[in-house]
Amino acid sequence: MSNLIIAGKEFRSRLIVGTSRYPDPHTMMQALEASGTDFITVSIRRLNLKSADGQESIMNMIDRKKYSILPNTAGCFTAKEAVLTAQLAREALETNWVKLEVIGDDETLFPDVTELLKAAEQLLADGFIVLPYCNDDPITCRKLADMGCAAVMPLGAPIGSGMGIRNPYNIQIIRDLIDIPVIVDAGVGTASDAALAMELGVDGILMNTAIAGAEHPVKMATAMKLAIEAGRLAFEAGRIPKRLYAKASSPVEGMINS
Amino acid sequence: MRAMNNTIIIGGGIIGLATGWQLAKKGINVEILERNTAGRSASWAAAGMLAPQAEMGFEDIELFYLCRKSLDMYPRFVEELYNDSGIKVELEITGCILPGFDRDDAERLRRLYDFREKIGMPVVWLTGSEAREIEPFLSPRCTGAIWIDDDAQINNRLMLDALKKAFVKCGGKLYEDHEVEKINISGGKVTGLTVHEKHITADNIIIAGGAWSKQIPGIPENLLPPVRPVKGQIINLRLNDSCRVTKVVRAPDVYLLPKSDGRLILGASVEEMGFDVNPTAGEIFRLLERGWEAVPSIYDLPIESIDVGLRPGSRDHMPIIGSSEVDGLFFATGHYRNGILLTPITAFELSNWIATGDPSEALKGFDISRFYKETV
């Protein structure tokens with residue numbers, strides 16, 4: 001199985017995992033381990049970034065040699081807020097990577113596309129490696145790619161909804177249309193959703209609630225790891241065409257007639 | 001039985017006060033050192049809900065049984081407290097409604113209901129109308145609810161007053177504005193501590209510093225309690241005739257808790273913000289918005305105050321109670337959201353443990369060694 005490469009950086013896993021909403025930090029750490037991920041996203045506005053060494057905090061629990069950190073701008077409603085939040089993250093966490101999230105509405109958590117494009121433009125000019133969370137709209141995705149984003153992260157379904165990949169055709173068009181990594185971000189509910197997305201040829205999946213909100217998060221993290229590997233392998237292996245009628249798996253040609 | 005002449009408790013929150021009181025009752029010399037004012041942090045900001053069932057998560061069964069046992073000890077605890085303090089703290093069985101307002105809520109509640117039913121807990125499913133018969137101030141948009149009739153509550157602020165009084169009456173000494181500079185350990189045994197540049201000898205030290213427990217200097221590296229502050233904001237409204245809620249309402253993202261002192265508490269945020277204790281616009285807005293959606297008549301209630309507390313959250317959100325590999329060093333911290341609920345079992349069991357030297361059966365598995373298995 002080939003590895004995921006974003007902006008020249010190679011990752012062991014094709015699964016990016018969020019760090020919110022776990023029952024407790026111990027379960028979070030175990031779930032991250034079980035998921036096999038080496039790339040995790042943290043909400044800048046929901047975490048204390050200034051905890052001193054030795055002080056107990058979520059950030060201090062994360063082994064940064066083991067996990068690359070992708071700060072995200074969850075909770076930002078304007079381009080201005082998102083840019084400031086990304087800059088704060090760059091200073092506190094010493095990384096210029098950012099998962100850019102500009103939310104348009106509290107009920108649906110859908111992205112505000114015009115604000116997103118504006119923020120992406122400013123952050124790219126400021127030297128950030130930008131991974132924008134966006135709609136499953138091929139045109140928006142192409143614009144973001146053309147601007148210089150390192151990957152695009154279209155949603156499969158609304159954040160935290162667990163509804164799966166609602167528009168696989170759009171995801172497939174996005175995959176075909178652009179040549180940077182496509183990461184499905186949000187919407188996965190269970191393992192088959194993740195496998196399905198990977199079979200469409202996307203490069204990776206970012207998820208949080210599907211694992212953190214499961215009755216048994218560590219088990220679900222393992223399930224997701226396996227589903228993503230299975231889906232990717234199936235995509236690389238090349239599936240058989242679908243047929244309406246049966247085709248015997250033991251060939252009848254050349255059989256010796258008695 | 002070992003001769004115990006001096007036990008020092010670091011931290012004058014509800015856990016420190018209650019454990020100190022129980023130790024003093026047994027004739028042990030107890031001093032409580034509080035860095036600030038006793039009972040004014042998490043113990044004060046807490047709402048005083050005693051709701052093991054409503055709070056339980058899918059992997060919390062062990063913790064649930066501990067909470068349940070502690071709740072069963074409450075009648076004895078408040079009776080003893082009345083005898084020693086003259087203050088009557090009532091255990092109130094209020095009952096608790098978990099309402100849903102749309103299809104997504106219903107799905108979420110059904111999952112909680114099925115889980116509780118599966119493990120054999122008393123739990124009732126209500127239609128929207130039935131829920132509003134039990135609590136008529138509930139929003140007409142309520143489509144269904146879970147009803148838990150044995151969830152209880154207590155006036156934790158009154159209990160803090162009573163505990164302080166009982167502790168002192170039983171011979172304990174409480175020192176406020178006493179921040180410990182260093183715990184002294186020698187030869188694998190507690191020898192005492194330094195406070196205000198003075199050395200005090202002690203046979204036992206109990207770390208009951210809540211969210212600050214990890215910050216106390218002198219705790220050996222391999223025994224540092226992995227406890228962090230988890231910020232919680234609550235709003236105290238004053239009930240009046242426009243809104244007379246009588247049941248605990250646990251709506252999505254907010255609870256509304258009517259207290260016998262006439263407050264209606266809206267709580268609580270759960271934030272990873274270090275030691276910051278500033279109330280914030282967003283969280284207060286959210287509590288009011290969600291609270292209003294569940295019980296619209298809170299609209300005209302006066303806002304009395306806003307409290308912010310720091311819950312001591314351990315790494316697995318279970319309490320850290322018991323002895324350690326350092327002789328005489330005990331822990332009673334990390335109670336997270338269950339501090340008030342777990343006060344009786346912590347105080348009774350730990351005081352007995354220290355007085356007799358016999359480890360508590362009920363607290364088995366909750367000691368600090370679970371975080372440092374490799375070094376034990």
# chains A, B, ... in the order shown; residues from 1 in each chain; ligands from 1
$ select_by_dssp --residues "stretch 17-172 of chain B" --states "strand (DSSP E or B)" --output "ChimeraX atom specification"
/B:30-33,49-50,92-93,96-100,124-127,144-148,152-153
$ write_last_selection --atoms "N, CA and C atoms" --output "mmCIF file, in the first residue's frame"
data_model
loop_
_atom_site.group_PDB
_atom_site.id
_atom_site.type_symbol
_atom_site.label_atom_id
_atom_site.label_comp_id
_atom_site.auth_asym_id
_atom_site.auth_seq_id
_atom_site.Cartn_x
_atom_site.Cartn_y
_atom_site.Cartn_z
ATOM 1 N N VAL B 30 -5.332 16.349 63.105
ATOM 2 C CA VAL B 30 -5.418 16.685 61.684
ATOM 3 C C VAL B 30 -5.287 18.182 61.475
ATOM 4 N N GLU B 31 -4.464 18.538 60.514
ATOM 5 C CA GLU B 31 -4.410 19.930 60.083
ATOM 6 C C GLU B 31 -4.724 19.971 58.595
ATOM 7 N N ILE B 32 -5.510 20.972 58.196
ATOM 8 C CA ILE B 32 -5.761 21.180 56.767
ATOM 9 C C ILE B 32 -5.069 22.472 56.365
ATOM 10 N N LEU B 33 -4.244 22.390 55.322
ATOM 11 C CA LEU B 33 -3.598 23.590 54.791
ATOM 12 C C LEU B 33 -4.253 23.937 53.461
ATOM 13 N N MET B 49 -25.306 18.061 42.336
ATOM 14 C CA MET B 49 -26.116 16.968 41.810
ATOM 15 C C MET B 49 -25.526 15.643 42.264
ATOM 16 N N LEU B 50 -26.377 14.748 42.695
ATOM 17 C CA LEU B 50 -25.925 13.407 43.070
ATOM 18 C C LEU B 50 -26.613 12.450 42.105
ATOM 19 N N GLU B 92 -31.928 15.607 49.020
ATOM 20 C CA GLU B 92 -33.211 15.785 48.331
ATOM 21 C C GLU B 92 -33.287 14.866 47.119
ATOM 22 N N ILE B 93 -34.345 14.069 47.071
ATOM 23 C CA ILE B 93 -34.558 13.222 45.896
ATOM 24 C C ILE B 93 -35.472 14.007 44.952
ATOM 25 N N CYS B 96 -34.968 13.336 37.817
ATOM 26 C CA CYS B 96 -34.269 14.018 36.730
ATOM 27 C C CYS B 96 -34.888 13.665 35.379
ATOM 28 N N ILE B 97 -35.134 14.692 34.588
ATOM 29 C CA ILE B 97 -35.676 14.498 33.232
ATOM 30 C C ILE B 97 -34.593 14.784 32.207
ATOM 31 N N LEU B 98 -34.436 13.894 31.246
ATOM 32 C CA LEU B 98 -33.540 14.163 30.113
ATOM 33 C C LEU B 98 -34.420 14.335 28.877
ATOM 34 N N PRO B 99 -34.754 15.573 28.524
ATOM 35 C CA PRO B 99 -35.695 15.777 27.433
ATOM 36 C C PRO B 99 -35.004 15.842 26.068
ATOM 37 N N GLY B 100 -35.765 15.521 25.034
ATOM 38 C CA GLY B 100 -35.297 15.690 23.660
ATOM 39 C C GLY B 100 -36.257 16.606 22.928
ATOM 40 N N VAL B 124 -37.177 5.176 32.821
ATOM 41 C CA VAL B 124 -38.509 5.223 32.223
ATOM 42 C C VAL B 124 -38.476 6.106 30.986
ATOM 43 N N TRP B 125 -39.128 5.672 29.917
ATOM 44 C CA TRP B 125 -39.243 6.478 28.711
ATOM 45 C C TRP B 125 -40.568 7.231 28.756
ATOM 46 N N LEU B 126 -40.529 8.551 28.566
ATOM 47 C CA LEU B 126 -41.742 9.370 28.619
ATOM 48 C C LEU B 126 -42.042 9.963 27.252
ATOM 49 N N THR B 127 -43.315 10.091 26.936
ATOM 50 C CA THR B 127 -43.688 10.884 25.767
ATOM 51 C C THR B 127 -43.528 12.355 26.132
ATOM 52 N N GLY B 144 -40.000 13.850 23.726
ATOM 53 C CA GLY B 144 -39.825 12.608 24.469
ATOM 54 C C GLY B 144 -38.744 12.827 25.500
ATOM 55 N N ALA B 145 -38.681 11.942 26.490
ATOM 56 C CA ALA B 145 -37.698 12.160 27.549
ATOM 57 C C ALA B 145 -37.404 10.860 28.287
ATOM 58 N N ILE B 146 -36.255 10.859 28.932
ATOM 59 C CA ILE B 146 -35.935 9.783 29.876
ATOM 60 C C ILE B 146 -36.212 10.327 31.269
ATOM 61 N N TRP B 147 -36.767 9.502 32.137
ATOM 62 C CA TRP B 147 -37.062 9.901 33.509
ATOM 63 C C TRP B 147 -36.301 8.991 34.466
ATOM 64 N N ILE B 148 -35.497 9.596 35.318
ATOM 65 C CA ILE B 148 -34.757 8.838 36.331
ATOM 66 C C ILE B 148 -35.231 9.355 37.671
ATOM 67 N N ALA B 152 -30.593 12.358 43.009
ATOM 68 C CA ALA B 152 -30.765 13.230 44.165
ATOM 69 C C ALA B 152 -29.872 14.457 44.048
ATOM 70 N N GLN B 153 -29.988 15.373 45.000
ATOM 71 C CA GLN B 153 -29.104 16.531 45.064
ATOM 72 C C GLN B 153 -28.956 16.991 46.510
#
$ closest_atom_pairs --of "chain A" --to "chain B" --cutoff "10 Å" --atoms "only C-alpha atoms" --output "CSV"
residue,atom,partner,partner_atom,distance
A:Pro23,CA,B:Gly57,CA,7.6
A:Asp24,CA,B:Asp316,CA,5.4
A:Pro25,CA,B:Arg315,CA,5.3
A:His26,CA,B:Asp316,CA,5.0
A:Thr27,CA,B:Asp316,CA,7.0
A:Met28,CA,B:Asp316,CA,9.4
A:Met29,CA,B:Arg315,CA,9.7
A:Arg45,CA,B:Met273,CA,9.3
A:Arg46,CA,B:Glu272,CA,6.5
A:Leu47,CA,B:Glu272,CA,5.3
A:Asn48,CA,B:Met273,CA,4.6
A:Leu49,CA,B:Met273,CA,8.3
A:Lys50,CA,B:Gly274,CA,8.0
A:Ser51,CA,B:Gly274,CA,6.6
A:Ala52,CA,B:Gly274,CA,9.7
A:Gly54,CA,B:Lys214,CA,8.7
A:Gln55,CA,B:Lys214,CA,7.4
A:Glu56,CA,B:Arg228,CA,4.9
A:Ser57,CA,B:Arg228,CA,6.0
A:Ile58,CA,B:Glu272,CA,7.8
A:Met59,CA,B:Glu272,CA,9.8
A:Met61,CA,B:Arg315,CA,9.4
A:Ser161,CA,B:Asp104,CA,9.3
A:Ala214,CA,B:Phe58,CA,8.9
A:Glu215,CA,B:Phe58,CA,5.5
A:His216,CA,B:Glu59,CA,7.1
A:Pro217,CA,B:Glu59,CA,9.5
$ select_by_dssp --residues "stretch 9-231 of chain A" --states "alpha helix (DSSP H)" --output "number ranges by chain"
A: 25-35, 58-61, 79-93, 113-125, 138-147, 168-177, 191-199, 209-212, 217-231
$ residues_around --residues "B:Leu266" --least-positions-apart "6" --cutoff "12 Å" --atoms "only C-alpha atoms" --output "ChimeraX atom specification"
/B:45-47,232-239,248-251,253-259,283-292,294-295,298,301,303-308
$ closest_residue --among "B:Glu90, B:Thr356, B:Val123, B:Gly282" --to "B:Ser269" --atoms "only C-alpha atoms"
B:Gly282
$ residues_around --residues "stretch 141-145 of chain A" --least-positions-apart "6" --cutoff "9 Å" --atoms "only C-alpha atoms" --output "ChimeraX atom specification"
/A:117,120-121,132,134-135,151-154,174,177-180
$ write_last_selection --atoms "C-alpha atoms" --output "PDB file, in the first residue's frame"
ATOM      1  CA  LEU A 117     -11.429  31.370   0.043  1.00  0.00           C
ATOM      2  CA  ALA A 120      -6.988  30.602   2.376  1.00  0.00           C
ATOM      3  CA  GLU A 121      -5.617  33.360   0.133  1.00  0.00           C
ATOM      4  CA  PRO A 132      -9.113  23.661   3.909  1.00  0.00           C
ATOM      5  CA  CYS A 134     -14.787  22.615   2.371  1.00  0.00           C
ATOM      6  CA  ASN A 135     -18.020  21.532   0.733  1.00  0.00           C
ATOM      7  CA  ALA A 151      -4.799  19.292   0.051  1.00  0.00           C
ATOM      8  CA  VAL A 152      -8.550  19.763  -0.058  1.00  0.00           C
ATOM      9  CA  MET A 153     -10.813  18.333   2.592  1.00  0.00           C
ATOM     10  CA  PRO A 154     -14.390  18.042   1.340  1.00  0.00           C
ATOM     11  CA  ILE A 174     -13.225  16.084  -7.072  1.00  0.00           C
ATOM     12  CA  LEU A 177     -10.512  17.017 -11.251  1.00  0.00           C
ATOM     13  CA  ILE A 178      -7.550  18.009  -9.095  1.00  0.00           C
ATOM     14  CA  ASP A 179      -4.088  16.609  -8.562  1.00  0.00           C
ATOM     15  CA  ILE A 180      -3.417  17.357  -4.884  1.00  0.00           C
TER      16      ILE A 180
END
$ residues_around --residues "stretch 75-86 of chain B" --least-positions-apart "3" --cutoff "6 Å" --atoms "only C-alpha atoms" --output "list in words"
Ala162, Lys165 and Ala166 of chain B
$ closest_residue --among "B:Asp150, B:Glu55, B:Glu349, B:Asp105" --to "B:Lys247" --atoms "only C-alpha atoms"
B:Asp150
$ atom_distance --atom1 "atom CA of A:Lys118" --atom2 "atom CA of A:Arg90"
18.8 Å
$ residues_around --residues "A:Met207" --least-positions-apart "6" --cutoff "7 Å" --atoms "only C-alpha atoms" --output "tab-separated table (two decimals) with N, CA and C atoms, in the first residue's frame"
chain	number	residue	atom	x	y	z
A	16	ILE	N	-6.41	10.64	9.55
A	16	ILE	CA	-6.10	11.78	10.41
A	16	ILE	C	-7.20	11.81	11.48
A	17	VAL	N	-6.81	11.93	12.74
A	17	VAL	CA	-7.79	11.81	13.82
A	17	VAL	C	-7.87	13.10	14.63
A	18	GLY	N	-9.09	13.47	14.98
A	18	GLY	CA	-9.32	14.65	15.82
A	18	GLY	C	-9.20	14.30	17.30
A	185	ASP	N	-13.26	14.86	5.00
A	185	ASP	CA	-13.26	15.40	6.36
A	185	ASP	C	-14.70	15.54	6.83
A	186	ALA	N	-15.07	14.78	7.81
A	186	ALA	CA	-16.40	14.85	8.44
A	186	ALA	C	-17.45	13.99	7.75
A	188	VAL	N	-18.17	10.65	8.45
A	188	VAL	CA	-18.05	9.21	8.61
A	188	VAL	C	-18.74	8.78	9.91
$ closest_residue --among "A:Val252, A:Met1, A:Ile62, A:Val113" --to "A:Gly231" --atoms "only C-alpha atoms"
A:Met1
$ closest_residue --among "B:Pro319, B:Leu223, B:Ile265, B:Gly187" --to "B:Ser369" --atoms "only C-alpha atoms"
B:Leu223
$ residues_around --residues "stretch 64-68 of chain B" --least-positions-apart "6" --cutoff "12 Å" --atoms "only C-alpha atoms" --output "ChimeraX atom specification"
/B:49-58,74,116,119,121,150-152,318-319,321,335,337-346,349,361-366
$ closest_residue --among "A:Pro181, A:Glu94, A:Glu107, A:Ala197" --to "A:Arg166" --atoms "only C-alpha atoms"
A:Ala197
$ decode --residues "stretch 156-267 of chain B" --atoms "C-alpha atoms" --output "mmCIF file, in the first residue's frame"
data_model
loop_
_atom_site.group_PDB
_atom_site.id
_atom_site.type_symbol
_atom_site.label_atom_id
_atom_site.label_comp_id
_atom_site.auth_asym_id
_atom_site.auth_seq_id
_atom_site.Cartn_x
_atom_site.Cartn_y
_atom_site.Cartn_z
ATOM 1 C CA ASN B 156 -23.128 21.683 48.700
ATOM 2 C CA ARG B 157 -22.529 25.226 49.950
ATOM 3 C CA LEU B 158 -24.396 24.532 53.167
ATOM 4 C CA MET B 159 -22.532 21.237 53.414
ATOM 5 C CA LEU B 160 -19.207 23.090 53.182
ATOM 6 C CA ASP B 161 -20.213 25.322 56.116
ATOM 7 C CA ALA B 162 -21.264 22.277 58.105
ATOM 8 C CA LEU B 163 -18.048 20.401 57.310
ATOM 9 C CA LYS B 164 -15.863 23.329 58.374
ATOM 10 C CA LYS B 165 -17.750 23.583 61.638
ATOM 11 C CA ALA B 166 -17.721 19.843 62.298
ATOM 12 C CA PHE B 167 -14.023 19.574 61.471
ATOM 13 C CA VAL B 168 -13.051 22.293 63.941
ATOM 14 C CA LYS B 169 -15.471 21.005 66.577
ATOM 15 C CA CYS B 170 -13.898 17.546 66.404
ATOM 16 C CA GLY B 171 -10.466 19.068 67.066
ATOM 17 C CA GLY B 172 -9.143 19.662 63.533
ATOM 18 C CA LYS B 173 -7.157 22.779 62.647
ATOM 19 C CA LEU B 174 -7.835 24.643 59.438
ATOM 20 C CA TYR B 175 -5.222 27.064 58.090
ATOM 21 C CA GLU B 176 -6.257 29.187 55.117
ATOM 22 C CA ASP B 177 -3.817 31.167 52.922
ATOM 23 C CA HIS B 178 -1.261 28.445 53.605
ATOM 24 C CA GLU B 179 0.331 27.374 50.333
ATOM 25 C CA VAL B 180 2.621 24.397 50.830
ATOM 26 C CA GLU B 181 6.172 25.102 49.646
ATOM 27 C CA LYS B 182 7.419 21.552 49.732
ATOM 28 C CA ILE B 183 6.506 18.079 50.874
ATOM 29 C CA ASN B 184 9.447 16.432 52.639
ATOM 30 C CA ILE B 185 10.118 12.765 52.040
ATOM 31 C CA SER B 186 13.076 10.829 53.367
ATOM 32 C CA GLY B 187 13.918 7.155 53.077
ATOM 33 C CA GLY B 188 10.678 6.350 51.274
ATOM 34 C CA LYS B 189 8.625 7.891 54.059
ATOM 35 C CA VAL B 190 6.810 11.170 54.589
ATOM 36 C CA THR B 191 8.571 13.303 57.207
ATOM 37 C CA GLY B 192 6.589 16.525 56.959
ATOM 38 C CA LEU B 193 6.303 19.644 54.875
ATOM 39 C CA THR B 194 7.394 23.228 54.577
ATOM 40 C CA VAL B 195 4.868 26.041 54.666
ATOM 41 C CA HIS B 196 5.529 29.755 55.163
ATOM 42 C CA GLU B 197 9.229 28.794 55.508
ATOM 43 C CA LYS B 198 8.409 26.660 58.546
ATOM 44 C CA HIS B 199 8.962 22.913 58.758
ATOM 45 C CA ILE B 200 6.133 20.888 60.185
ATOM 46 C CA THR B 201 6.496 17.185 60.868
ATOM 47 C CA ALA B 202 3.788 14.783 59.800
ATOM 48 C CA ASP B 203 3.291 11.044 59.704
ATOM 49 C CA ASN B 204 0.761 11.229 56.908
ATOM 50 C CA ILE B 205 0.053 13.701 54.167
ATOM 51 C CA ILE B 206 -3.076 13.572 52.055
ATOM 52 C CA ILE B 207 -2.944 15.306 48.693
ATOM 53 C CA ALA B 208 -6.426 16.755 48.258
ATOM 54 C CA GLY B 209 -5.463 19.785 46.209
ATOM 55 C CA GLY B 210 -8.087 19.358 43.482
ATOM 56 C CA ALA B 211 -6.971 20.815 40.151
ATOM 57 C CA TRP B 212 -3.742 22.034 41.790
ATOM 58 C CA SER B 213 -2.693 18.596 43.060
ATOM 59 C CA LYS B 214 0.049 18.119 40.472
ATOM 60 C CA GLN B 215 1.536 21.524 41.263
ATOM 61 C CA ILE B 216 2.418 20.768 44.900
ATOM 62 C CA PRO B 217 6.239 20.731 45.138
ATOM 63 C CA GLY B 218 7.991 17.707 46.544
ATOM 64 C CA ILE B 219 5.787 14.931 45.211
ATOM 65 C CA PRO B 220 8.160 12.376 43.647
ATOM 66 C CA GLU B 221 8.204 12.437 39.841
ATOM 67 C CA ASN B 222 6.857 8.903 39.611
ATOM 68 C CA LEU B 223 3.874 9.719 41.820
ATOM 69 C CA LEU B 224 2.741 13.035 40.354
ATOM 70 C CA PRO B 225 -1.034 12.811 40.111
ATOM 71 C CA PRO B 226 -2.026 13.319 36.447
ATOM 72 C CA VAL B 227 -4.740 15.835 37.258
ATOM 73 C CA ARG B 228 -5.607 18.858 35.146
ATOM 74 C CA PRO B 229 -8.031 21.744 35.653
ATOM 75 C CA VAL B 230 -11.238 21.379 33.636
ATOM 76 C CA LYS B 231 -13.019 24.695 33.620
ATOM 77 C CA GLY B 232 -16.740 24.872 34.318
ATOM 78 C CA GLN B 233 -18.942 27.956 34.193
ATOM 79 C CA ILE B 234 -22.373 28.102 35.817
ATOM 80 C CA ILE B 235 -25.078 30.759 36.003
ATOM 81 C CA ASN B 236 -27.133 31.221 39.163
ATOM 82 C CA LEU B 237 -30.641 32.457 38.406
ATOM 83 C CA ARG B 238 -33.163 33.339 41.108
ATOM 84 C CA LEU B 239 -36.443 31.411 40.789
ATOM 85 C CA ASN B 240 -39.672 33.409 41.069
ATOM 86 C CA ASP B 241 -43.347 32.940 40.247
ATOM 87 C CA SER B 242 -42.763 33.204 36.512
ATOM 88 C CA CYS B 243 -40.768 29.985 36.609
ATOM 89 C CA ARG B 244 -41.050 27.351 39.343
ATOM 90 C CA VAL B 245 -39.117 24.421 37.953
ATOM 91 C CA THR B 246 -39.043 21.572 40.487
ATOM 92 C CA LYS B 247 -37.271 18.780 38.594
ATOM 93 C CA VAL B 248 -33.686 18.552 37.422
ATOM 94 C CA VAL B 249 -33.734 19.051 33.657
ATOM 95 C CA ARG B 250 -30.768 17.704 31.736
ATOM 96 C CA ALA B 251 -31.240 19.157 28.284
ATOM 97 C CA PRO B 252 -28.729 18.708 25.462
ATOM 98 C CA ASP B 253 -25.589 20.678 26.469
ATOM 99 C CA VAL B 254 -27.070 22.217 29.635
ATOM 100 C CA TYR B 255 -28.663 21.198 32.911
ATOM 101 C CA LEU B 256 -31.173 23.260 34.884
ATOM 102 C CA LEU B 257 -31.070 22.493 38.562
ATOM 103 C CA PRO B 258 -33.551 24.032 41.038
ATOM 104 C CA LYS B 259 -32.027 24.366 44.512
ATOM 105 C CA SER B 260 -33.849 24.515 47.827
ATOM 106 C CA ASP B 261 -32.262 27.944 48.462
ATOM 107 C CA GLY B 262 -34.254 29.383 45.560
ATOM 108 C CA ARG B 263 -31.519 29.301 42.932
ATOM 109 C CA LEU B 264 -31.882 27.786 39.500
ATOM 110 C CA ILE B 265 -28.429 26.719 38.358
ATOM 111 C CA LEU B 266 -27.646 26.573 34.653
ATOM 112 C CA GLY B 267 -24.508 24.608 33.993
#
